[in-house]
>>> print(open('upload_20.pdb').read())   # PDB, C-alpha atoms
ATOM      1  CA  MET A   1      -6.129  -6.054  21.801
ATOM      2  CA  ARG A   2      -4.279  -8.011  19.093
ATOM      3  CA  GLU A   3      -4.280  -4.862  16.966
ATOM      4  CA  ILE A   4      -2.619  -2.753  19.685
ATOM      5  CA  VAL A   5      -0.019  -5.446  20.402
ATOM      6  CA  SER A   6       0.829  -5.701  16.697
ATOM      7  CA  ILE A   7       1.101  -1.912  16.382
ATOM      8  CA  LEU A   8       3.299  -1.764  19.480
ATOM      9  CA  LEU A   9       5.586  -4.541  18.201
ATOM     10  CA  ILE A  10       5.884  -2.801  14.842
ATOM     11  CA  GLY A  11       6.611   0.479  16.639
ATOM     12  CA  ILE A  12       9.355  -1.195  18.662
ATOM     13  CA  SER A  13      10.882  -2.853  15.612
ATOM     14  CA  LEU A  14      10.758   0.447  13.691
ATOM     15  CA  SER A  15      12.623   2.021  16.602
ATOM     16  CA  MET A  16      15.549  -0.409  16.638
ATOM     17  CA  ASP A  17      17.526   1.371  13.912
ATOM     18  CA  THR A  18      17.162   4.743  15.609
ATOM     19  CA  PHE A  19      18.019   3.130  18.955
ATOM     20  CA  SER A  20      21.247   1.598  17.688
ATOM     21  CA  LEU A  21      22.280   4.762  15.834
ATOM     22  CA  SER A  22      21.404   6.863  18.888
ATOM     23  CA  LEU A  23      23.630   4.608  20.998
ATOM     24  CA  THR A  24      26.478   5.488  18.682
ATOM     25  CA  LEU A  25      25.638   9.189  18.739
ATOM     26  CA  GLY A  26      25.399   9.082  22.521
ATOM     27  CA  THR A  27      28.966   7.816  22.725
ATOM     28  CA  VAL A  28      30.440  10.516  20.469
ATOM     29  CA  ALA A  29      28.171  13.587  20.597
ATOM     30  CA  ASN A  30      28.649  16.419  23.026
ATOM     31  CA  ASN A  31      26.495  18.894  21.107
ATOM     32  CA  LYS A  32      23.496  20.323  22.985
ATOM     33  CA  LEU A  33      21.346  19.866  19.864
ATOM     34  CA  ILE A  34      21.417  16.104  20.470
ATOM     35  CA  LYS A  35      18.681  16.681  23.075
ATOM     36  CA  LEU A  36      16.315  17.634  20.240
ATOM     37  CA  LEU A  37      16.889  14.399  18.329
ATOM     38  CA  PRO A  38      14.111  12.366  20.026
ATOM     39  CA  LEU A  39      11.616  15.124  19.175
ATOM     40  CA  PHE A  40      12.632  15.183  15.510
ATOM     41  CA  VAL A  41      12.595  11.387  15.241
ATOM     42  CA  GLY A  42       9.171  11.184  16.899
ATOM     43  CA  ILE A  43       7.694  13.819  14.579
ATOM     44  CA  PHE A  44       9.037  12.059  11.490
ATOM     45  CA  HIS A  45       7.793   8.663  12.744
ATOM     46  CA  PHE A  46       4.344  10.214  13.132
ATOM     47  CA  PHE A  47       4.039  11.779   9.681
ATOM     48  CA  MET A  48       5.880   9.251   7.495
ATOM     49  CA  PRO A  49       3.402   6.372   8.065
ATOM     50  CA  LEU A  50       0.512   8.750   7.341
ATOM     51  CA  LEU A  51       2.112   9.676   4.048
ATOM     52  CA  GLY A  52       2.828   6.006   3.358
ATOM     53  CA  ASN A  53      -0.796   5.159   4.151
ATOM     54  CA  ILE A  54      -2.093   7.686   1.632
ATOM     55  CA  ILE A  55       0.175   6.274  -1.056
ATOM     56  CA  GLY A  56      -0.559   2.685   0.059
ATOM     57  CA  ILE A  57      -4.321   3.149  -0.292
ATOM     58  CA  ALA A  58      -3.778   4.516  -3.797
ATOM     59  CA  LEU A  59      -1.605   1.491  -4.696
ATOM     60  CA  ILE A  60      -4.113  -0.978  -3.246
ATOM     61  CA  ASN A  61      -6.911   0.621  -5.254
ATOM     62  CA  LEU A  62      -4.801   0.852  -8.397
ATOM     63  CA  PHE A  63      -3.457  -2.715  -8.389
ATOM     64  CA  ASN A  64      -6.226  -4.412  -6.348
ATOM     65  CA  ILE A  65      -3.730  -6.073  -3.971
ATOM     66  CA  ALA A  66      -4.654  -7.283  -0.482
ATOM     67  CA  SER A  67      -3.199  -4.958   2.157
ATOM     68  CA  ASN A  68      -1.994  -7.851   4.360
ATOM     69  CA  ILE A  69       0.268  -9.019   1.527
ATOM     70  CA  ILE A  70       1.685  -5.510   1.100
ATOM     71  CA  LEU A  71       2.284  -5.141   4.846
ATOM     72  CA  GLY A  72       3.836  -8.607   5.163
ATOM     73  CA  LEU A  73       6.163  -8.053   2.207
ATOM     74  CA  VAL A  74       7.145  -4.576   3.399
ATOM     75  CA  LEU A  75       7.999  -5.877   6.884
ATOM     76  CA  ILE A  76      10.053  -8.755   5.467
ATOM     77  CA  VAL A  77      11.908  -6.420   3.079
ATOM     78  CA  LEU A  78      12.606  -4.039   5.970
ATOM     79  CA  GLY A  79      13.942  -6.927   8.065
ATOM     80  CA  ILE A  80      16.190  -8.098   5.235
ATOM     81  CA  ASN A  81      17.358  -4.523   4.622
ATOM     82  CA  LEU A  82      18.157  -4.084   8.318
ATOM     83  CA  ALA A  83      20.057  -7.394   8.296
ATOM     84  CA  PHE A  84      21.991  -6.293   5.209
ATOM     85  CA  HIS A  85      23.024  -3.031   6.888
ATOM     86  CA  TYR A  86      23.875  -4.894  10.073
ATOM     87  CA  TYR A  87      26.353  -7.121   8.268
ATOM     88  CA  GLN A  88      27.839  -4.168   6.364
ATOM     89  CA  ASP A  89      28.664  -2.598   9.747
ATOM     90  CA  GLU A  90      27.906   0.906   8.523
ATOM     91  CA  LYS A  91      29.374   3.813  10.402
ATOM     92  CA  VAL A  92      27.372   6.848  11.449
ATOM     93  CA  ASN A  93      28.614  10.206  10.246
ATOM     94  CA  ILE A  94      26.078  12.823  11.300
ATOM     95  CA  LYS A  95      26.707  16.540  11.456
ATOM     96  CA  LEU A  96      24.975  17.774  14.580
ATOM     97  CA  SER A  97      23.099  20.776  13.240
ATOM     98  CA  ILE A  98      19.361  21.241  12.901
ATOM     99  CA  LEU A  99      19.633  20.074   9.299
ATOM    100  CA  GLY A 100      21.767  17.094  10.374
ATOM    101  CA  LEU A 101      19.201  16.130  13.018
ATOM    102  CA  MET A 102      16.383  16.412  10.464
ATOM    103  CA  LEU A 103      18.293  14.244   7.977
ATOM    104  CA  PHE A 104      18.958  11.679  10.709
ATOM    105  CA  ALA A 105      15.255  11.654  11.630
ATOM    106  CA  LEU A 106      14.245  11.314   7.982
ATOM    107  CA  SER A 107      16.675   8.468   7.343
ATOM    108  CA  VAL A 108      15.478   6.409  10.316
ATOM    109  CA  SER A 109      11.797   7.064   9.573
ATOM    110  CA  ILE A 110      11.748   5.887   5.963
ATOM    111  CA  ASP A 111      10.934   2.398   7.223
ATOM    112  CA  SER A 112       7.828   3.786   8.948
ATOM    113  CA  PHE A 113       6.780   5.269   5.595
ATOM    114  CA  SER A 114       6.999   1.759   4.157
ATOM    115  CA  VAL A 115       4.903   0.324   6.987
ATOM    116  CA  GLY A 116       2.303   2.995   6.285
ATOM    117  CA  LEU A 117       1.880   1.496   2.806
ATOM    118  CA  GLY A 118       0.204  -1.595   4.259
ATOM    119  CA  ILE A 119      -1.073  -0.392   7.623
ATOM    120  CA  THR A 120      -4.700  -0.638   6.460
ATOM    121  CA  ASP A 121      -4.515  -4.393   7.018
ATOM    122  CA  LEU A 122      -3.661  -3.854  10.658
ATOM    123  CA  THR A 123      -5.871  -0.973  11.759
ATOM    124  CA  ASN A 124      -8.268   1.704  10.633
ATOM    125  CA  ASN A 125      -7.045   3.970  13.413
ATOM    126  CA  TYR A 126      -4.001   5.339  11.591
ATOM    127  CA  TYR A 127      -3.518   8.202  14.014
ATOM    128  CA  LEU A 128      -3.267   5.862  17.003
ATOM    129  CA  ALA A 129      -0.707   3.748  15.134
ATOM    130  CA  CYS A 130       1.293   6.863  14.230
ATOM    131  CA  ILE A 131       1.189   8.118  17.817
ATOM    132  CA  ILE A 132       2.487   4.747  19.025
ATOM    133  CA  PHE A 133       5.215   4.745  16.336
ATOM    134  CA  ALA A 134       6.212   8.302  17.297
ATOM    135  CA  PHE A 135       6.245   7.521  21.020
ATOM    136  CA  CYS A 136       8.279   4.325  20.556
ATOM    137  CA  SER A 137      10.820   5.939  18.261
ATOM    138  CA  ALA A 138      11.248   9.077  20.387
ATOM    139  CA  SER A 139      11.598   6.953  23.538
ATOM    140  CA  PHE A 140      14.107   4.564  21.970
ATOM    141  CA  THR A 141      16.076   7.488  20.537
ATOM    142  CA  TYR A 142      16.268   9.109  23.966
ATOM    143  CA  LEU A 143      17.207   5.816  25.631
ATOM    144  CA  GLY A 144      19.835   5.181  22.971
ATOM    145  CA  ILE A 145      21.473   8.552  23.568
ATOM    146  CA  ILE A 146      21.437   8.127  27.353
ATOM    147  CA  ILE A 147      22.659   4.519  27.299
ATOM    148  CA  GLY A 148      25.228   5.388  24.628
ATOM    149  CA  LYS A 149      26.807   7.855  27.028
ATOM    150  CA  TYR A 150      27.398   5.058  29.528
ATOM    151  CA  CYS A 151      27.764   1.820  27.567
ATOM    152  CA  SER A 152      29.730   0.401  24.688
ATOM    153  CA  LYS A 153      28.601   0.176  21.074
ATOM    154  CA  LEU A 154      28.020  -3.566  21.485
ATOM    155  CA  ILE A 155      24.451  -3.042  22.710
ATOM    156  CA  GLY A 156      23.545  -1.428  19.382
ATOM    157  CA  LYS A 157      24.245  -4.672  17.546
ATOM    158  CA  TYR A 158      21.857  -6.600  19.802
ATOM    159  CA  ALA A 159      19.145  -3.982  19.223
ATOM    160  CA  ILE A 160      19.460  -4.425  15.474
ATOM    161  CA  ILE A 161      19.241  -8.220  15.780
ATOM    162  CA  ILE A 162      16.035  -7.879  17.827
ATOM    163  CA  GLY A 163      14.619  -5.481  15.219
ATOM    164  CA  ILE A 164      15.465  -7.869  12.372
ATOM    165  CA  PHE A 165      13.788 -10.760  14.196
ATOM    166  CA  LEU A 166      10.627  -8.751  14.989
ATOM    167  CA  LEU A 167      10.273  -7.417  11.439
ATOM    168  CA  LEU A 168      10.689 -10.854   9.846
ATOM    169  CA  LEU A 169       8.347 -12.508  12.337
ATOM    170  CA  LEU A 170       5.633  -9.869  11.885
ATOM    171  CA  GLY A 171       6.073  -9.945   8.094
ATOM    172  CA  ILE A 172       5.589 -13.719   7.956
ATOM    173  CA  PHE A 173       2.626 -13.433  10.334
ATOM    174  CA  HIS A 174       0.882 -10.934   8.045
ATOM    175  CA  LEU A 175       1.502 -12.977   4.912
ATOM    176  CA  PHE A 176      -0.440 -15.929   6.323
TER
END
>>> encode(input="upload_20.pdb", output="structure tokens")
Amino acid sequence: MREIVSILLIGISLSMDTFSLSLTLGTVANNKLIKLLPLFVGIFHFFMPLLGNIIGIALINLFNIASNIILGLVLIVLGINLAFHYYQDEKVNIKLSILGLMLFALSVSIDSFSVGLGITDLTNNYYLACIIFAFCSASFTYLGIIIGKYCSKLIGKYAIIIGIFLLLLLGIFHLF
């Protein structure tokens, strides 16, 4: 049960960047292609951790490092990176084409690649973790677009703060 809860919390924290960016897109996008964005984001959040896991296993074997240390450090670095981008107040400039949607999905799923590097410490069921990551990210992307159509951009900032907190907390938890 602890494993599923941890995977779910990581999935939610991985989804915070796509949620906040989707809020912004929801406020400005009128393109019909925006409806495909949750699908693209979910697909990328499924495959990127698998790729990260393959590379992570190779790194663990090569350097003989404990996977919990890799996962903890990756989560902390992701939290710090998210905090850095939060304080930079970056603006979203996405061209709403199929290529633009794919680039958006790739950019918000790179963090799930990083989590895949150390996921072996958390679970041996990588496919279940990837399904949960994909479901969380697709759901949060969809919610972000819908809420973005009706709410202000302020909510996006709170989502990022929650994501930062969850990533740092989970990172510290896995280090010890």
>>> closest_residue(input="upload_20.pdb", among="A:Gly72, A:Leu8, A:Asp17, A:Leu99", to="A:Leu33", atoms="only C-alpha atoms")
A:Leu99
>>> resolve_selection(input="upload_20.pdb", expression="the PyMOL selection byres ((chain A and resi 168) around 8)", output="list in words")
Leu75, Ile76, Gly79, Ile80, Ile164, Phe165, Leu166, Leu167, Leu169, Leu170, Gly171 and Ile172 of chain A
>>> atom_distance(input="upload_20.pdb", atom1="atom CA of A:Lys32", atom2="atom CA of A:Pro49")
28.7 Å
>>> residues_around(input="upload_20.pdb", residues="A:Ile162", least_positions_apart="4", cutoff="10 Å", atoms="all atoms listed in the file", output="PDB file with C-alpha atoms, in the coordinates of the input")
ATOM      1  CA  ILE A  12       9.355  -1.195  18.662  1.00  0.00           C
ATOM      2  CA  SER A  13      10.882  -2.853  15.612  1.00  0.00           C
ATOM      3  CA  MET A  16      15.549  -0.409  16.638  1.00  0.00           C
ATOM      4  CA  LYS A 157      24.245  -4.672  17.546  1.00  0.00           C
ATOM      5  CA  TYR A 158      21.857  -6.600  19.802  1.00  0.00           C
ATOM      6  CA  LEU A 166      10.627  -8.751  14.989  1.00  0.00           C
ATOM      7  CA  LEU A 167      10.273  -7.417  11.439  1.00  0.00           C
TER       8      LEU A 167
END
>>> closest_residue(input="upload_20.pdb", among="A:Val108, A:Met1, A:Ile57, A:Ile69", to="A:Phe176", atoms="only C-alpha atoms")
A:Ile69
>>> atom_distance(input="upload_20.pdb", atom1="atom CA of A:Asn125", atom2="atom CA of A:Leu101")
28.9 Å
>>> closest_residue(input="upload_20.pdb", among="A:Phe19, A:Phe135, A:Phe44, A:Tyr150", to="A:Leu103", atoms="all atoms listed in the file")
A:Phe44
>>> atom_distance(input="upload_20.pdb", atom1="atom CA of A:Val74", atom2="atom CA of A:Ile54")
15.5 Å
>>> residues_around(input="upload_20.pdb", residues="stretch 113-122 of chain A", least_positions_apart="5", cutoff="10 Å", atoms="all atoms listed in the file", output="VMD selection string")
chain A and resid 2 to 4 6 to 7 10 to 11 14 44 to 60 66 to 75 77 to 78 106 108 129 to 130 174
>>> residues_near_point(input="upload_20.pdb", point="(20.1, 20.9, 13.8)", cutoff="12 Å", atoms="only C-alpha atoms", output="list in words")
Asn31, Lys32, Leu33, Ile34, Lys35, Leu36, Leu37, Leu39, Phe40, Ile94, Lys95, Leu96, Ser97, Ile98, Leu99, Gly100, Leu101, Met102, Leu103, Phe104 and Ala105 of chain A
>>> closest_residue(input="upload_20.pdb", among="A:Cys151, A:Leu62, A:Val41, A:Ile110", to="A:Ala138", atoms="all atoms listed in the file")
A:Val41
>>> residues_around(input="upload_20.pdb", residues="A:Ile146", least_positions_apart="2", cutoff="9 Å", atoms="all atoms listed in the file", output="list in words")
Ser22, Leu23, Gly26, Thr27, Thr141, Tyr142, Leu143, Gly144, Gly148, Lys149, Tyr150 and Cys151 of chain A
>>> write_last_selection(input="upload_20.pdb", atoms="C-alpha atoms", output="PDB file, in the frame of the given file")
ATOM      1  CA  SER A  22      21.404   6.863  18.888  1.00  0.00           C
ATOM      2  CA  LEU A  23      23.630   4.608  20.998  1.00  0.00           C
ATOM      3  CA  GLY A  26      25.399   9.082  22.521  1.00  0.00           C
ATOM      4  CA  THR A  27      28.966   7.816  22.725  1.00  0.00           C
ATOM      5  CA  THR A 141      16.076   7.488  20.537  1.00  0.00           C
ATOM      6  CA  TYR A 142      16.268   9.109  23.966  1.00  0.00           C
ATOM      7  CA  LEU A 143      17.207   5.816  25.631  1.00  0.00           C
ATOM      8  CA  GLY A 144      19.835   5.181  22.971  1.00  0.00           C
ATOM      9  CA  GLY A 148      25.228   5.388  24.628  1.00  0.00           C
ATOM     10  CA  LYS A 149      26.807   7.855  27.028  1.00  0.00           C
ATOM     11  CA  TYR A 150      27.398   5.058  29.528  1.00  0.00           C
ATOM     12  CA  CYS A 151      27.764   1.820  27.567  1.00  0.00           C
TER      13      CYS A 151
END
>>> decode(input="upload_20.pdb", residues="stretch 109-151 of chain A", atoms="N, CA and C atoms", output="PDB file, in the first residue's frame")
ATOM      1  N   SER A 109       7.289  16.272 -19.523  1.00  0.00           N
ATOM      2  CA  SER A 109       7.502  14.882 -19.110  1.00  0.00           C
ATOM      3  C   SER A 109       8.972  14.562 -18.859  1.00  0.00           C
ATOM      4  N   ILE A 110       9.848  15.518 -19.046  1.00  0.00           N
ATOM      5  CA  ILE A 110      11.266  15.270 -18.786  1.00  0.00           C
ATOM      6  C   ILE A 110      11.486  14.950 -17.310  1.00  0.00           C
ATOM      7  N   ASP A 111      10.704  15.563 -16.427  1.00  0.00           N
ATOM      8  CA  ASP A 111      10.837  15.241 -15.013  1.00  0.00           C
ATOM      9  C   ASP A 111      10.461  13.786 -14.732  1.00  0.00           C
ATOM     10  N   SER A 112       9.509  13.230 -15.477  1.00  0.00           N
ATOM     11  CA  SER A 112       9.164  11.823 -15.267  1.00  0.00           C
ATOM     12  C   SER A 112      10.273  10.900 -15.769  1.00  0.00           C
ATOM     13  N   PHE A 113      11.027  11.347 -16.770  1.00  0.00           N
ATOM     14  CA  PHE A 113      12.222  10.607 -17.193  1.00  0.00           C
ATOM     15  C   PHE A 113      13.199  10.527 -16.026  1.00  0.00           C
ATOM     16  N   SER A 114      13.400  11.658 -15.355  1.00  0.00           N
ATOM     17  CA  SER A 114      14.326  11.706 -14.227  1.00  0.00           C
ATOM     18  C   SER A 114      13.875  10.796 -13.098  1.00  0.00           C
ATOM     19  N   VAL A 115      12.580  10.761 -12.825  1.00  0.00           N
ATOM     20  CA  VAL A 115      12.065   9.880 -11.775  1.00  0.00           C
ATOM     21  C   VAL A 115      12.301   8.423 -12.159  1.00  0.00           C
ATOM     22  N   GLY A 116      12.186   8.119 -13.438  1.00  0.00           N
ATOM     23  CA  GLY A 116      12.443   6.762 -13.899  1.00  0.00           C
ATOM     24  C   GLY A 116      13.849   6.286 -13.605  1.00  0.00           C
ATOM     25  N   LEU A 117      14.801   7.219 -13.467  1.00  0.00           N
ATOM     26  CA  LEU A 117      16.181   6.857 -13.158  1.00  0.00           C
ATOM     27  C   LEU A 117      16.300   6.129 -11.826  1.00  0.00           C
ATOM     28  N   GLY A 118      15.461   6.489 -10.859  1.00  0.00           N
ATOM     29  CA  GLY A 118      15.563   5.888  -9.531  1.00  0.00           C
ATOM     30  C   GLY A 118      14.325   5.140  -9.090  1.00  0.00           C
ATOM     31  N   ILE A 119      13.436   4.832 -10.001  1.00  0.00           N
ATOM     32  CA  ILE A 119      12.159   4.216  -9.645  1.00  0.00           C
ATOM     33  C   ILE A 119      12.329   2.797  -9.096  1.00  0.00           C
ATOM     34  N   THR A 120      13.472   2.169  -9.364  1.00  0.00           N
ATOM     35  CA  THR A 120      13.686   0.803  -8.876  1.00  0.00           C
ATOM     36  C   THR A 120      13.668   0.728  -7.351  1.00  0.00           C
ATOM     37  N   ASP A 121      13.959   1.834  -6.688  1.00  0.00           N
ATOM     38  CA  ASP A 121      13.900   1.838  -5.226  1.00  0.00           C
ATOM     39  C   ASP A 121      12.465   1.785  -4.731  1.00  0.00           C
ATOM     40  N   LEU A 122      11.555   2.256  -5.530  1.00  0.00           N
ATOM     41  CA  LEU A 122      10.164   2.379  -5.114  1.00  0.00           C
ATOM     42  C   LEU A 122       9.336   1.146  -5.462  1.00  0.00           C
ATOM     43  N   THR A 123       9.543   0.611  -6.664  1.00  0.00           N
ATOM     44  CA  THR A 123       8.705  -0.491  -7.121  1.00  0.00           C
ATOM     45  C   THR A 123       9.425  -1.313  -8.185  1.00  0.00           C
ATOM     46  N   ASN A 124       9.023  -2.554  -8.288  1.00  0.00           N
ATOM     47  CA  ASN A 124       9.476  -3.397  -9.391  1.00  0.00           C
ATOM     48  C   ASN A 124       8.432  -3.433 -10.495  1.00  0.00           C
ATOM     49  N   ASN A 125       7.269  -2.895 -10.211  1.00  0.00           N
ATOM     50  CA  ASN A 125       6.184  -2.864 -11.191  1.00  0.00           C
ATOM     51  C   ASN A 125       6.220  -1.523 -11.933  1.00  0.00           C
ATOM     52  N   TYR A 126       7.170  -1.405 -12.847  1.00  0.00           N
ATOM     53  CA  TYR A 126       7.388  -0.147 -13.564  1.00  0.00           C
ATOM     54  C   TYR A 126       6.178   0.236 -14.410  1.00  0.00           C
ATOM     55  N   TYR A 127       5.524  -0.765 -14.978  1.00  0.00           N
ATOM     56  CA  TYR A 127       4.391  -0.457 -15.849  1.00  0.00           C
ATOM     57  C   TYR A 127       3.228   0.146 -15.059  1.00  0.00           C
ATOM     58  N   LEU A 128       2.981  -0.374 -13.861  1.00  0.00           N
ATOM     59  CA  LEU A 128       1.940   0.202 -13.016  1.00  0.00           C
ATOM     60  C   LEU A 128       2.281   1.650 -12.669  1.00  0.00           C
ATOM     61  N   ALA A 129       3.535   1.899 -12.302  1.00  0.00           N
ATOM     62  CA  ALA A 129       3.954   3.267 -11.984  1.00  0.00           C
ATOM     63  C   ALA A 129       3.763   4.175 -13.195  1.00  0.00           C
ATOM     64  N   CYS A 130       4.132   3.701 -14.368  1.00  0.00           N
ATOM     65  CA  CYS A 130       4.003   4.520 -15.583  1.00  0.00           C
ATOM     66  C   CYS A 130       2.544   4.770 -15.941  1.00  0.00           C
ATOM     67  N   ILE A 131       1.698   3.778 -15.705  1.00  0.00           N
ATOM     68  CA  ILE A 131       0.260   3.965 -15.952  1.00  0.00           C
ATOM     69  C   ILE A 131      -0.294   5.024 -14.999  1.00  0.00           C
ATOM     70  N   ILE A 132       0.109   4.965 -13.742  1.00  0.00           N
ATOM     71  CA  ILE A 132      -0.343   5.961 -12.766  1.00  0.00           C
ATOM     72  C   ILE A 132       0.178   7.346 -13.144  1.00  0.00           C
ATOM     73  N   PHE A 133       1.458   7.440 -13.528  1.00  0.00           N
ATOM     74  CA  PHE A 133       2.018   8.730 -13.960  1.00  0.00           C
ATOM     75  C   PHE A 133       1.248   9.268 -15.162  1.00  0.00           C
ATOM     76  N   ALA A 134       0.964   8.398 -16.137  1.00  0.00           N
ATOM     77  CA  ALA A 134       0.253   8.823 -17.343  1.00  0.00           C
ATOM     78  C   ALA A 134      -1.167   9.280 -17.008  1.00  0.00           C
ATOM     79  N   PHE A 135      -1.848   8.522 -16.163  1.00  0.00           N
ATOM     80  CA  PHE A 135      -3.215   8.872 -15.778  1.00  0.00           C
ATOM     81  C   PHE A 135      -3.247  10.205 -15.029  1.00  0.00           C
ATOM     82  N   CYS A 136      -2.341  10.365 -14.065  1.00  0.00           N
ATOM     83  CA  CYS A 136      -2.294  11.616 -13.291  1.00  0.00           C
ATOM     84  C   CYS A 136      -2.014  12.803 -14.208  1.00  0.00           C
ATOM     85  N   SER A 137      -1.013  12.668 -15.050  1.00  0.00           N
ATOM     86  CA  SER A 137      -0.633  13.808 -15.892  1.00  0.00           C
ATOM     87  C   SER A 137      -1.711  14.141 -16.917  1.00  0.00           C
ATOM     88  N   ALA A 138      -2.318  13.124 -17.529  1.00  0.00           N
ATOM     89  CA  ALA A 138      -3.392  13.394 -18.493  1.00  0.00           C
ATOM     90  C   ALA A 138      -4.590  14.037 -17.792  1.00  0.00           C
ATOM     91  N   SER A 139      -4.926  13.532 -16.603  1.00  0.00           N
ATOM     92  CA  SER A 139      -6.056  14.091 -15.849  1.00  0.00           C
ATOM     93  C   SER A 139      -5.800  15.532 -15.435  1.00  0.00           C
ATOM     94  N   PHE A 140      -4.599  15.800 -14.915  1.00  0.00           N
ATOM     95  CA  PHE A 140      -4.273  17.157 -14.479  1.00  0.00           C
ATOM     96  C   PHE A 140      -4.170  18.117 -15.663  1.00  0.00           C
ATOM     97  N   THR A 141      -3.706  17.609 -16.808  1.00  0.00           N
ATOM     98  CA  THR A 141      -3.668  18.449 -18.008  1.00  0.00           C
ATOM     99  C   THR A 141      -5.082  18.830 -18.430  1.00  0.00           C
ATOM    100  N   TYR A 142      -5.965  17.846 -18.460  1.00  0.00           N
ATOM    101  CA  TYR A 142      -7.360  18.102 -18.824  1.00  0.00           C
ATOM    102  C   TYR A 142      -8.018  19.073 -17.843  1.00  0.00           C
ATOM    103  N   LEU A 143      -7.825  18.818 -16.548  1.00  0.00           N
ATOM    104  CA  LEU A 143      -8.390  19.711 -15.531  1.00  0.00           C
ATOM    105  C   LEU A 143      -7.827  21.125 -15.663  1.00  0.00           C
ATOM    106  N   GLY A 144      -6.536  21.222 -15.933  1.00  0.00           N
ATOM    107  CA  GLY A 144      -5.916  22.531 -16.096  1.00  0.00           C
ATOM    108  C   GLY A 144      -6.526  23.311 -17.245  1.00  0.00           C
ATOM    109  N   ILE A 145      -6.752  22.641 -18.361  1.00  0.00           N
ATOM    110  CA  ILE A 145      -7.349  23.305 -19.524  1.00  0.00           C
ATOM    111  C   ILE A 145      -8.766  23.765 -19.208  1.00  0.00           C
ATOM    112  N   ILE A 146      -9.545  22.866 -18.595  1.00  0.00           N
ATOM    113  CA  ILE A 146     -10.944  23.200 -18.269  1.00  0.00           C
ATOM    114  C   ILE A 146     -11.005  24.332 -17.240  1.00  0.00           C
ATOM    115  N   ILE A 147     -10.248  24.205 -16.165  1.00  0.00           N
ATOM    116  CA  ILE A 147     -10.261  25.235 -15.121  1.00  0.00           C
ATOM    117  C   ILE A 147      -9.705  26.542 -15.671  1.00  0.00           C
ATOM    118  N   GLY A 148      -8.682  26.452 -16.512  1.00  0.00           N
ATOM    119  CA  GLY A 148      -8.084  27.645 -17.104  1.00  0.00           C
ATOM    120  C   GLY A 148      -9.077  28.459 -17.908  1.00  0.00           C
ATOM    121  N   LYS A 149     -10.056  27.781 -18.494  1.00  0.00           N
ATOM    122  CA  LYS A 149     -11.080  28.494 -19.259  1.00  0.00           C
ATOM    123  C   LYS A 149     -11.980  29.333 -18.348  1.00  0.00           C
ATOM    124  N   TYR A 150     -12.049  28.957 -17.077  1.00  0.00           N
ATOM    125  CA  TYR A 150     -12.992  29.612 -16.174  1.00  0.00           C
ATOM    126  C   TYR A 150     -12.359  30.364 -15.004  1.00  0.00           C
ATOM    127  N   CYS A 151     -11.076  30.193 -14.786  1.00  0.00           N
ATOM    128  CA  CYS A 151     -10.448  30.813 -13.615  1.00  0.00           C
ATOM    129  C   CYS A 151      -9.236  31.643 -14.023  1.00  0.00           C
TER     130      CYS A 151
END
